[in-house]
Amino acid sequence: MIPFNKPYCSGRELGYMQEVCHSTTMSGNGQFTKLCHGFFEKRYGFRKCLLTTSGTDALEMCAMLCDLQPGDEVIVPSYTFVSTAIAFLREGAKVVFADSGAHNPNVTVEQIAPLINERTRVIVVVHYAGVACDMDAIMALAAEHHLLVVEDAAHSVDSFYKGRPLGSIGHLAAFSFHETKNINCGEGGMLVVNDERFVRRSEIIWEKGTNRAEFYRGMVNKYGWCDIGSSFLPSEFNAAFLWAQLEQLDDIQGQRRHIWERYDAGLRNHLPEGFSVAELPGYATNNYHMYYLLCPSLAARTKLMNYLKNNGVQATFHYLPLHSSKYYEERHDGRELPNCDRYADTLVRLPLYYELADDEIDKIIKLIRRM
Ligand SMILES: *Cc1c(COP(=O)(O)O)cnc(C)c1O
């Protein structure tokens, strides 16, 4: 069976984790955490980075930093992972779901603008498959209404919008290093703070509501309880694992690009009637997070997935719409979100991981072309 995903190890992870065993810091914010923060801040110009124990945690930190009040509304895409919405619901906000655009699963200003009212505080965007949302238009809309923008950049490491790194454009952003993402440490994530106003508070929330980080930098002579917070820091073991991956980022991205392009050359112009592949908007780069097909119907997708499975290939569908989920259906305002429903019914993701071999890719291509 060709699995859908195989988490990648560069080979240096264990050595770095062993270094942690012999060091004086095994808890968070030690040397490997600082190496990871420095890597992202230097390479992508992020104002401030804080590793977290998951992408979900990073989103929860974003929501806490937005300082939401009862009755505040947050606009969230319906076609996303549950964490994108839960992070804001936990802060007591009302989540208002936006539909995807017609051309890819991302939200667009046309979908967001009609949902804005005097209670709206935040727009959350998801760069689906690492492909940028149209951020100039979304940032302009947010500025006009004095809203914050949070980028769920869980898929988006090393991807760009008009030359600007994803995660650097909104006020706040969240990355994930879950094993299914391009760069992984099992479970892990990162908060990015781009707006200076949130820098100090982000570190306090990260460190259980204390100013311990400032204390360690010698900025204050004792540390204490300053604000709300939680334990969002990953241990040095996670950071050491992640550092080994970051050292190999260009290699990992190069290999994923090779796989993506081999799929694309074999499939784009050779698909059966009614099937299509992703179209990349001119303003977006591809970070090769995902290769997906769009099927003509739910029935056609089910048939394709079963056919692939019977031939030793594990393909998967993706998000179930959040607005019509069991948990949220009764809270949703009843609006139809037809594009979201269509992606939920028709999108199928093909295996894409570092060790996927050319003959395995060719086998998958041949199966699909012959179906
Ligand atoms: C993976 C993912 C998350 C959650 O990240 P975890 O690290 O698994 O907590 C959030 N949003 C999106 C869009 C994701 O794909």
# chains A, B, ... in the order shown; residues from 1 in each chain; ligands from 1
$ residues_near_ligand --ligand "ligand 1" --cutoff "9 Å" --atoms "only C-alpha atoms and all ligand atoms" --output "number ranges by chain"
A: 52-59, 79-85, 126-129, 152-155, 174-181, 186-190
$ residues_around --residues "range 318-326 of chain A" --least-positions-apart "6" --cutoff "9 Å" --atoms "only C-alpha atoms" --output "ChimeraX atom specification"
/A:77-82,85,96-98,332-335,337,340-341,343-345,347-349
$ write_last_selection --atoms "N, CA and C atoms" --output "PDB file, in the first residue's frame"
ATOM      1  N   PRO A  77     -13.201  30.909   7.719  1.00  0.00           N
ATOM      2  CA  PRO A  77     -13.657  30.052   6.607  1.00  0.00           C
ATOM      3  C   PRO A  77     -14.315  28.790   7.149  1.00  0.00           C
ATOM      4  N   SER A  78     -15.329  28.303   6.461  1.00  0.00           N
ATOM      5  CA  SER A  78     -15.955  27.044   6.881  1.00  0.00           C
ATOM      6  C   SER A  78     -15.121  25.858   6.418  1.00  0.00           C
ATOM      7  N   TYR A  79     -14.402  26.046   5.304  1.00  0.00           N
ATOM      8  CA  TYR A  79     -13.578  24.948   4.773  1.00  0.00           C
ATOM      9  C   TYR A  79     -12.196  25.016   5.409  1.00  0.00           C
ATOM     10  N   THR A  80     -12.079  24.506   6.624  1.00  0.00           N
ATOM     11  CA  THR A  80     -10.799  24.483   7.340  1.00  0.00           C
ATOM     12  C   THR A  80     -10.860  23.434   8.434  1.00  0.00           C
ATOM     13  N   PHE A  81      -9.747  23.302   9.144  1.00  0.00           N
ATOM     14  CA  PHE A  81      -9.682  22.382  10.270  1.00  0.00           C
ATOM     15  C   PHE A  81     -10.415  22.999  11.467  1.00  0.00           C
ATOM     16  N   VAL A  82     -10.970  22.180  12.335  1.00  0.00           N
ATOM     17  CA  VAL A  82     -11.765  22.684  13.459  1.00  0.00           C
ATOM     18  C   VAL A  82     -11.011  23.684  14.342  1.00  0.00           C
ATOM     19  N   ALA A  85     -11.563  27.503  14.076  1.00  0.00           N
ATOM     20  CA  ALA A  85     -12.779  28.069  14.680  1.00  0.00           C
ATOM     21  C   ALA A  85     -12.762  27.951  16.203  1.00  0.00           C
ATOM     22  N   VAL A  96     -18.521  33.489  12.628  1.00  0.00           N
ATOM     23  CA  VAL A  96     -19.377  33.633  11.452  1.00  0.00           C
ATOM     24  C   VAL A  96     -18.624  33.011  10.277  1.00  0.00           C
ATOM     25  N   PHE A  97     -19.199  31.965   9.690  1.00  0.00           N
ATOM     26  CA  PHE A  97     -18.457  31.228   8.670  1.00  0.00           C
ATOM     27  C   PHE A  97     -18.590  31.845   7.281  1.00  0.00           C
ATOM     28  N   ALA A  98     -17.456  31.917   6.594  1.00  0.00           N
ATOM     29  CA  ALA A  98     -17.410  32.445   5.229  1.00  0.00           C
ATOM     30  C   ALA A  98     -17.252  31.293   4.240  1.00  0.00           C
ATOM     31  N   HIS A 332     -25.183  28.068  13.463  1.00  0.00           N
ATOM     32  CA  HIS A 332     -24.968  28.727  12.179  1.00  0.00           C
ATOM     33  C   HIS A 332     -26.254  29.444  11.771  1.00  0.00           C
ATOM     34  N   ASP A 333     -26.071  30.563  11.030  1.00  0.00           N
ATOM     35  CA  ASP A 333     -27.238  31.392  10.697  1.00  0.00           C
ATOM     36  C   ASP A 333     -28.047  30.866   9.508  1.00  0.00           C
ATOM     37  N   GLY A 334     -27.696  29.691   9.004  1.00  0.00           N
ATOM     38  CA  GLY A 334     -28.526  29.098   7.953  1.00  0.00           C
ATOM     39  C   GLY A 334     -28.096  29.428   6.532  1.00  0.00           C
ATOM     40  N   ARG A 335     -27.114  30.338   6.367  1.00  0.00           N
ATOM     41  CA  ARG A 335     -26.662  30.663   5.011  1.00  0.00           C
ATOM     42  C   ARG A 335     -26.088  29.418   4.333  1.00  0.00           C
ATOM     43  N   LEU A 337     -23.373  27.700   1.963  1.00  0.00           N
ATOM     44  CA  LEU A 337     -21.988  27.973   1.568  1.00  0.00           C
ATOM     45  C   LEU A 337     -21.609  26.962   0.475  1.00  0.00           C
ATOM     46  N   CYS A 340     -17.845  25.913  -0.435  1.00  0.00           N
ATOM     47  CA  CYS A 340     -17.291  25.078   0.631  1.00  0.00           C
ATOM     48  C   CYS A 340     -17.832  23.651   0.520  1.00  0.00           C
ATOM     49  N   ASP A 341     -19.139  23.517   0.335  1.00  0.00           N
ATOM     50  CA  ASP A 341     -19.752  22.185   0.217  1.00  0.00           C
ATOM     51  C   ASP A 341     -19.174  21.425  -0.979  1.00  0.00           C
ATOM     52  N   TYR A 343     -16.124  21.787  -2.385  1.00  0.00           N
ATOM     53  CA  TYR A 343     -14.766  21.281  -2.105  1.00  0.00           C
ATOM     54  C   TYR A 343     -14.817  20.099  -1.134  1.00  0.00           C
ATOM     55  N   ALA A 344     -15.724  20.181  -0.175  1.00  0.00           N
ATOM     56  CA  ALA A 344     -15.832  19.088   0.801  1.00  0.00           C
ATOM     57  C   ALA A 344     -16.234  17.784   0.098  1.00  0.00           C
ATOM     58  N   ASP A 345     -17.079  17.906  -0.943  1.00  0.00           N
ATOM     59  CA  ASP A 345     -17.572  16.709  -1.638  1.00  0.00           C
ATOM     60  C   ASP A 345     -16.620  16.188  -2.708  1.00  0.00           C
ATOM     61  N   LEU A 347     -13.030  17.230  -3.459  1.00  0.00           N
ATOM     62  CA  LEU A 347     -11.564  17.326  -3.435  1.00  0.00           C
ATOM     63  C   LEU A 347     -10.950  16.026  -2.935  1.00  0.00           C
ATOM     64  N   VAL A 348      -9.926  15.560  -3.617  1.00  0.00           N
ATOM     65  CA  VAL A 348      -9.208  14.361  -3.165  1.00  0.00           C
ATOM     66  C   VAL A 348      -7.703  14.637  -3.209  1.00  0.00           C
ATOM     67  N   ARG A 349      -7.039  14.314  -2.098  1.00  0.00           N
ATOM     68  CA  ARG A 349      -5.589  14.567  -1.961  1.00  0.00           C
ATOM     69  C   ARG A 349      -4.823  13.284  -2.262  1.00  0.00           C
TER      70      ARG A 349
END
$ residues_around --residues "range 21-26 of chain A" --least-positions-apart "5" --cutoff "10 Å" --atoms "only C-alpha atoms" --output "PyMOL selection string"
chain A and resi 15-16+31-32+234-239
$ write_last_selection --atoms "N, CA and C atoms" --output "PDB file, in the first residue's frame"
ATOM      1  N   GLY A  15      20.341  13.081  17.172  1.00  0.00           N
ATOM      2  CA  GLY A  15      21.584  13.673  17.677  1.00  0.00           C
ATOM      3  C   GLY A  15      21.322  14.961  18.436  1.00  0.00           C
ATOM      4  N   TYR A  16      20.456  15.799  17.865  1.00  0.00           N
ATOM      5  CA  TYR A  16      20.142  17.069  18.533  1.00  0.00           C
ATOM      6  C   TYR A  16      19.356  16.818  19.822  1.00  0.00           C
ATOM      7  N   GLN A  31      18.280  26.663  23.910  1.00  0.00           N
ATOM      8  CA  GLN A  31      19.061  27.021  22.714  1.00  0.00           C
ATOM      9  C   GLN A  31      18.394  26.585  21.408  1.00  0.00           C
ATOM     10  N   PHE A  32      17.753  25.418  21.369  1.00  0.00           N
ATOM     11  CA  PHE A  32      17.139  24.993  20.103  1.00  0.00           C
ATOM     12  C   PHE A  32      15.890  25.812  19.789  1.00  0.00           C
ATOM     13  N   PRO A 234       6.838  24.510  23.760  1.00  0.00           N
ATOM     14  CA  PRO A 234       7.253  23.119  23.608  1.00  0.00           C
ATOM     15  C   PRO A 234       8.577  22.905  24.351  1.00  0.00           C
ATOM     16  N   SER A 235       8.881  21.668  24.683  1.00  0.00           N
ATOM     17  CA  SER A 235      10.159  21.394  25.343  1.00  0.00           C
ATOM     18  C   SER A 235      11.297  21.513  24.330  1.00  0.00           C
ATOM     19  N   GLU A 236      12.513  21.541  24.823  1.00  0.00           N
ATOM     20  CA  GLU A 236      13.676  21.597  23.946  1.00  0.00           C
ATOM     21  C   GLU A 236      13.798  20.364  23.048  1.00  0.00           C
ATOM     22  N   PHE A 237      13.207  19.238  23.485  1.00  0.00           N
ATOM     23  CA  PHE A 237      13.264  18.037  22.637  1.00  0.00           C
ATOM     24  C   PHE A 237      12.515  18.274  21.325  1.00  0.00           C
ATOM     25  N   ASN A 238      11.335  18.890  21.436  1.00  0.00           N
ATOM     26  CA  ASN A 238      10.569  19.192  20.213  1.00  0.00           C
ATOM     27  C   ASN A 238      11.322  20.193  19.346  1.00  0.00           C
ATOM     28  N   ALA A 239      11.892  21.201  20.002  1.00  0.00           N
ATOM     29  CA  ALA A 239      12.596  22.243  19.250  1.00  0.00           C
ATOM     30  C   ALA A 239      13.836  21.667  18.568  1.00  0.00           C
TER      31      ALA A 239
END
$ select_by_dssp --residues "range 240-304 of chain A" --states "helix (DSSP H, G or I)" --output "tab-separated table (two decimals) with N, CA, C and O atoms, in the first residue's frame"
chain	number	residue	atom	x	y	z
A	240	ALA	N	14.53	20.73	19.23
A	240	ALA	CA	15.72	20.10	18.65
A	240	ALA	C	15.33	19.30	17.41
A	240	ALA	O	16.00	19.35	16.38
A	241	PHE	N	14.22	18.58	17.51
A	241	PHE	CA	13.71	17.81	16.36
A	241	PHE	C	13.39	18.75	15.21
A	241	PHE	O	13.78	18.54	14.06
A	242	LEU	N	12.70	19.84	15.55
A	242	LEU	CA	12.30	20.81	14.52
A	242	LEU	C	13.52	21.46	13.88
A	242	LEU	O	13.56	21.68	12.66
A	243	TRP	N	14.54	21.74	14.67
A	243	TRP	CA	15.73	22.39	14.14
A	243	TRP	C	16.40	21.52	13.07
A	243	TRP	O	16.85	22.01	12.03
A	244	ALA	N	16.42	20.20	13.32
A	244	ALA	CA	16.99	19.29	12.32
A	244	ALA	C	16.23	19.40	11.00
A	244	ALA	O	16.81	19.32	9.92
A	245	GLN	N	14.93	19.59	11.08
A	245	GLN	CA	14.12	19.73	9.86
A	245	GLN	C	14.36	21.07	9.18
A	245	GLN	O	14.44	21.15	7.95
A	246	LEU	N	14.49	22.12	9.98
A	246	LEU	CA	14.69	23.45	9.40
A	246	LEU	C	16.02	23.51	8.66
A	246	LEU	O	16.13	24.16	7.61
A	247	GLU	N	17.03	22.84	9.19
A	247	GLU	CA	18.33	22.80	8.49
A	247	GLU	C	18.18	22.17	7.10
A	247	GLU	O	18.98	22.43	6.22
A	249	LEU	N	15.34	22.38	5.26
A	249	LEU	CA	14.12	22.93	4.64
A	249	LEU	C	14.22	22.98	3.11
A	249	LEU	O	13.30	22.55	2.41
A	250	ASP	N	15.35	23.47	2.59
A	250	ASP	CA	15.45	23.61	1.13
A	250	ASP	C	15.44	22.25	0.43
A	250	ASP	O	14.86	22.08	-0.63
A	251	ASP	N	16.08	21.29	1.07
A	251	ASP	CA	16.09	19.92	0.53
A	251	ASP	C	14.68	19.33	0.54
A	251	ASP	O	14.23	18.74	-0.45
A	252	ILE	N	13.97	19.51	1.65
A	252	ILE	CA	12.61	18.99	1.77
A	252	ILE	C	11.71	19.64	0.72
A	252	ILE	O	10.97	18.96	-0.01
A	253	GLN	N	11.81	20.95	0.61
A	253	GLN	CA	10.97	21.66	-0.36
A	253	GLN	C	11.32	21.25	-1.79
A	253	GLN	O	10.44	21.12	-2.63
A	254	GLY	N	12.59	21.03	-2.05
A	254	GLY	CA	13.02	20.61	-3.40
A	254	GLY	C	12.44	19.25	-3.76
A	254	GLY	O	11.98	19.04	-4.90
A	255	GLN	N	12.46	18.34	-2.81
A	255	GLN	CA	11.93	17.00	-3.06
A	255	GLN	C	10.41	17.04	-3.25
A	255	GLN	O	9.86	16.38	-4.13
A	256	ARG	N	9.73	17.85	-2.44
A	256	ARG	CA	8.27	17.97	-2.57
A	256	ARG	C	7.92	18.61	-3.92
A	256	ARG	O	6.93	18.23	-4.55
A	257	ARG	N	8.74	19.55	-4.36
A	257	ARG	CA	8.51	20.18	-5.65
A	257	ARG	C	8.64	19.16	-6.78
A	257	ARG	O	7.82	19.12	-7.70
A	258	HIS	N	9.67	18.33	-6.69
A	258	HIS	CA	9.87	17.29	-7.70
A	258	HIS	C	8.63	16.40	-7.80
A	258	HIS	O	8.15	16.10	-8.90
A	259	ILE	N	8.11	15.97	-6.64
A	259	ILE	CA	6.93	15.09	-6.61
A	259	ILE	C	5.72	15.80	-7.21
A	259	ILE	O	5.01	15.27	-8.06
A	260	TRP	N	5.51	17.05	-6.75
A	260	TRP	CA	4.35	17.82	-7.20
A	260	TRP	C	4.38	17.99	-8.72
A	260	TRP	O	3.39	17.80	-9.42
A	261	GLU	N	5.58	18.33	-9.23
A	261	GLU	CA	5.68	18.59	-10.67
A	261	GLU	C	5.54	17.32	-11.50
A	261	GLU	O	5.02	17.35	-12.62
A	262	ARG	N	5.98	16.20	-10.94
A	262	ARG	CA	5.82	14.92	-11.65
A	262	ARG	C	4.33	14.56	-11.75
A	262	ARG	O	3.85	14.14	-12.80
A	263	TYR	N	3.62	14.74	-10.62
A	263	TYR	CA	2.15	14.54	-10.66
A	263	TYR	C	1.53	15.45	-11.71
A	263	TYR	O	0.70	15.03	-12.51
A	264	ASP	N	1.92	16.72	-11.66
A	264	ASP	CA	1.25	17.72	-12.50
A	264	ASP	C	1.49	17.44	-13.98
A	264	ASP	O	0.58	17.56	-14.80
A	265	ALA	N	2.74	17.06	-14.31
A	265	ALA	CA	3.04	16.76	-15.71
A	265	ALA	C	2.23	15.56	-16.19
A	265	ALA	O	1.79	15.51	-17.33
A	266	GLY	N	2.00	14.59	-15.27
A	266	GLY	CA	1.28	13.38	-15.66
A	266	GLY	C	-0.23	13.54	-15.66
A	266	GLY	O	-0.94	12.75	-16.29
A	267	LEU	N	-0.74	14.52	-14.93
A	267	LEU	CA	-2.20	14.58	-14.74
A	267	LEU	C	-2.89	15.79	-15.36
A	267	LEU	O	-4.00	15.65	-15.90
A	298	LEU	N	-19.54	13.94	-5.68
A	298	LEU	CA	-19.20	13.13	-4.51
A	298	LEU	C	-19.13	11.65	-4.91
A	298	LEU	O	-18.22	10.92	-4.50
A	299	ALA	N	-20.07	11.22	-5.74
A	299	ALA	CA	-20.10	9.81	-6.16
A	299	ALA	C	-18.82	9.47	-6.93
A	299	ALA	O	-18.22	8.41	-6.73
A	300	ALA	N	-18.41	10.40	-7.80
A	300	ALA	CA	-17.19	10.16	-8.60
A	300	ALA	C	-15.96	10.10	-7.70
A	300	ALA	O	-15.05	9.31	-7.93
A	301	ARG	N	-15.96	10.94	-6.66
A	301	ARG	CA	-14.80	10.92	-5.75
A	301	ARG	C	-14.75	9.62	-4.95
A	301	ARG	O	-13.68	9.02	-4.80
A	302	THR	N	-15.91	9.19	-4.45
A	302	THR	CA	-15.96	7.94	-3.69
A	302	THR	C	-15.46	6.79	-4.55
A	302	THR	O	-14.67	5.96	-4.11
A	303	LYS	N	-15.89	6.79	-5.81
A	303	LYS	CA	-15.49	5.74	-6.74
A	303	LYS	C	-13.98	5.77	-6.97
A	303	LYS	O	-13.30	4.75	-6.93
A	304	LEU	N	-13.44	6.99	-7.17
A	304	LEU	CA	-12.00	7.13	-7.40
A	304	LEU	C	-11.20	6.67	-6.18
A	304	LEU	O	-10.21	5.93	-6.30
$ residues_around --residues "Thr285 in chain A" --least-positions-apart "4" --cutoff "10 Å" --atoms "only C-alpha atoms" --output "count of residues only"
14
$ residues_around --residues "Ser230 in chain A" --least-positions-apart "5" --cutoff "12 Å" --atoms "only C-alpha atoms" --output "number ranges by chain"
A: 52-53, 57-58, 60-61, 64, 202-210, 225
$ residues_around --residues "Lys48 in chain A" --least-positions-apart "5" --cutoff "10 Å" --atoms "only C-alpha atoms" --output "MDAnalysis selection string"
chainID A and resid 37:38 40:41 168 172 191:196 198:200 202:203
$ residues_around --residues "range 133-142 of chain A" --least-positions-apart "4" --cutoff "10 Å" --atoms "only C-alpha atoms" --output "PyMOL selection string"
chain A and resi 101+104-110+112-113+116+121-128+146-149+151+161-162+166+169-171+281+283-284
$ atom_distance --atom1 "CA of Leu51 in chain A" --atom2 "CA of Asp72 in chain A"
27.7 Å
$ select_by_dssp --residues "range 117-315 of chain A" --states "strand (DSSP E or B)" --output "ChimeraX atom specification"
/A:120-126,148-152,160-161,164-165,172-176,189-193,207,210,225,231,276-277,284,292-294,313
$ write_last_selection --atoms "N, CA, C and O atoms" --output "short mmCIF file (atom, residue, chain, number, x, y, z; two decimals), in the first residue's frame"
data_model
loop_
_atom_site.label_atom_id
_atom_site.label_comp_id
_atom_site.auth_asym_id
_atom_site.auth_seq_id
_atom_site.Cartn_x
_atom_site.Cartn_y
_atom_site.Cartn_z
N THR A 120 -18.07 42.95 14.29
CA THR A 120 -16.94 42.18 13.75
C THR A 120 -15.61 42.73 14.25
O THR A 120 -15.41 43.95 14.26
N ARG A 121 -14.73 41.84 14.70
CA ARG A 121 -13.42 42.27 15.20
C ARG A 121 -12.25 41.68 14.43
O ARG A 121 -11.19 42.28 14.33
N VAL A 122 -12.42 40.47 13.92
CA VAL A 122 -11.28 39.74 13.34
C VAL A 122 -11.70 39.02 12.06
O VAL A 122 -12.81 38.48 11.98
N ILE A 123 -10.79 39.02 11.08
CA ILE A 123 -10.94 38.15 9.90
C ILE A 123 -9.83 37.10 9.98
O ILE A 123 -8.66 37.45 10.13
N VAL A 124 -10.22 35.83 9.90
CA VAL A 124 -9.23 34.75 9.87
C VAL A 124 -9.18 34.20 8.45
O VAL A 124 -10.23 33.87 7.89
N VAL A 125 -7.98 34.11 7.89
CA VAL A 125 -7.85 33.49 6.56
C VAL A 125 -7.03 32.21 6.69
O VAL A 125 -6.16 32.11 7.56
N VAL A 126 -7.32 31.25 5.83
CA VAL A 126 -6.51 30.03 5.74
C VAL A 126 -5.93 30.00 4.32
O VAL A 126 -6.69 30.08 3.36
N LEU A 148 -8.75 43.18 12.87
CA LEU A 148 -7.49 42.45 12.90
C LEU A 148 -7.57 41.31 11.88
O LEU A 148 -8.66 40.78 11.61
N VAL A 149 -6.40 40.94 11.34
CA VAL A 149 -6.34 39.79 10.43
C VAL A 149 -5.39 38.75 11.01
O VAL A 149 -4.25 39.06 11.35
N VAL A 150 -5.90 37.53 11.14
CA VAL A 150 -5.08 36.39 11.60
C VAL A 150 -4.92 35.44 10.42
O VAL A 150 -5.91 35.05 9.80
N GLU A 151 -3.67 35.10 10.11
CA GLU A 151 -3.41 34.12 9.05
C GLU A 151 -3.26 32.73 9.68
O GLU A 151 -2.34 32.52 10.47
N ASP A 152 -4.14 31.80 9.32
CA ASP A 152 -3.89 30.40 9.66
C ASP A 152 -2.96 29.91 8.56
O ASP A 152 -3.38 29.59 7.44
N PHE A 160 4.65 32.25 -0.55
CA PHE A 160 4.71 33.70 -0.69
C PHE A 160 3.49 34.27 -1.42
O PHE A 160 2.87 33.58 -2.22
N TYR A 161 3.20 35.52 -1.09
CA TYR A 161 2.16 36.30 -1.79
C TYR A 161 2.84 37.54 -2.35
O TYR A 161 3.35 38.36 -1.58
N ARG A 164 5.95 38.33 -0.70
CA ARG A 164 5.97 38.45 0.77
C ARG A 164 5.64 37.10 1.40
O ARG A 164 4.66 36.45 1.00
N PRO A 165 6.41 36.69 2.42
CA PRO A 165 6.17 35.37 3.02
C PRO A 165 4.78 35.29 3.67
O PRO A 165 4.35 36.23 4.34
N LEU A 172 -1.31 38.80 13.05
CA LEU A 172 -0.84 37.60 13.75
C LEU A 172 -0.95 36.42 12.79
O LEU A 172 -1.76 36.45 11.86
N ALA A 173 -0.14 35.38 13.04
CA ALA A 173 -0.23 34.19 12.19
C ALA A 173 0.12 32.95 13.00
O ALA A 173 0.81 33.03 14.01
N ALA A 174 -0.38 31.81 12.52
CA ALA A 174 -0.12 30.53 13.20
C ALA A 174 0.37 29.50 12.19
O ALA A 174 -0.25 29.33 11.12
N PHE A 175 1.48 28.85 12.50
CA PHE A 175 2.00 27.74 11.69
C PHE A 175 1.79 26.42 12.45
O PHE A 175 1.64 26.42 13.67
N SER A 176 1.81 25.31 11.71
CA SER A 176 1.73 23.99 12.34
C SER A 176 2.91 23.15 11.90
O SER A 176 3.32 23.20 10.72
N GLY A 189 3.95 23.81 16.67
CA GLY A 189 3.42 24.96 15.94
C GLY A 189 4.22 26.20 16.26
O GLY A 189 5.22 26.13 16.98
N MET A 190 3.77 27.33 15.71
CA MET A 190 4.47 28.58 15.97
C MET A 190 3.52 29.76 15.79
O MET A 190 2.78 29.83 14.81
N LEU A 191 3.57 30.66 16.78
CA LEU A 191 2.87 31.94 16.66
C LEU A 191 3.82 32.95 16.02
O LEU A 191 5.00 33.01 16.38
N VAL A 192 3.29 33.74 15.09
CA VAL A 192 4.05 34.86 14.54
C VAL A 192 3.31 36.15 14.88
O VAL A 192 2.11 36.26 14.64
N VAL A 193 4.04 37.09 15.46
CA VAL A 193 3.48 38.41 15.78
C VAL A 193 4.11 39.42 14.84
O VAL A 193 5.33 39.59 14.85
N GLU A 207 4.26 32.30 28.42
CA GLU A 207 4.95 31.88 29.66
C GLU A 207 4.00 31.92 30.85
O GLU A 207 4.31 32.49 31.89
N THR A 210 3.27 35.06 32.95
CA THR A 210 4.37 35.72 33.68
C THR A 210 5.32 36.43 32.72
O THR A 210 5.34 36.13 31.53
N TRP A 225 3.34 37.28 38.08
CA TRP A 225 2.08 37.11 37.33
C TRP A 225 1.61 38.45 36.80
O TRP A 225 1.37 39.37 37.59
N SER A 231 0.53 27.30 29.31
CA SER A 231 1.84 26.72 29.03
C SER A 231 1.89 26.35 27.56
O SER A 231 1.51 25.25 27.18
N SER A 276 -10.48 17.92 -12.55
CA SER A 276 -9.53 19.02 -12.77
C SER A 276 -8.51 19.07 -11.63
O SER A 276 -8.66 18.39 -10.62
N VAL A 277 -7.48 19.90 -11.83
CA VAL A 277 -6.44 20.09 -10.81
C VAL A 277 -6.43 21.56 -10.40
O VAL A 277 -7.07 22.40 -11.03
N ALA A 284 0.38 34.06 -6.17
CA ALA A 284 0.75 33.07 -5.15
C ALA A 284 1.86 32.14 -5.63
O ALA A 284 1.94 31.80 -6.82
N TYR A 292 -3.84 17.98 -5.17
CA TYR A 292 -5.24 17.51 -5.10
C TYR A 292 -5.92 17.55 -6.45
O TYR A 292 -5.52 18.30 -7.34
N LEU A 293 -6.95 16.71 -6.58
CA LEU A 293 -7.80 16.71 -7.77
C LEU A 293 -9.19 17.13 -7.34
O LEU A 293 -9.58 16.92 -6.19
N LEU A 294 -9.93 17.72 -8.26
CA LEU A 294 -11.35 17.99 -8.02
C LEU A 294 -12.15 17.06 -8.92
O LEU A 294 -11.91 17.00 -10.13
N VAL A 313 -3.35 2.29 -3.21
CA VAL A 313 -3.01 3.70 -3.03
C VAL A 313 -4.01 4.35 -2.06
O VAL A 313 -5.23 4.30 -2.30
#
$ atom_distance --atom1 "CA of Leu308 in chain A" --atom2 "CA of Cys185 in chain A"
29.3 Å
$ closest_residue --among "A:Arg47, A:Arg370, A:Lys363, A:Lys42" --to "Arg197 in chain A" --atoms "only C-alpha atoms"
A:Arg47
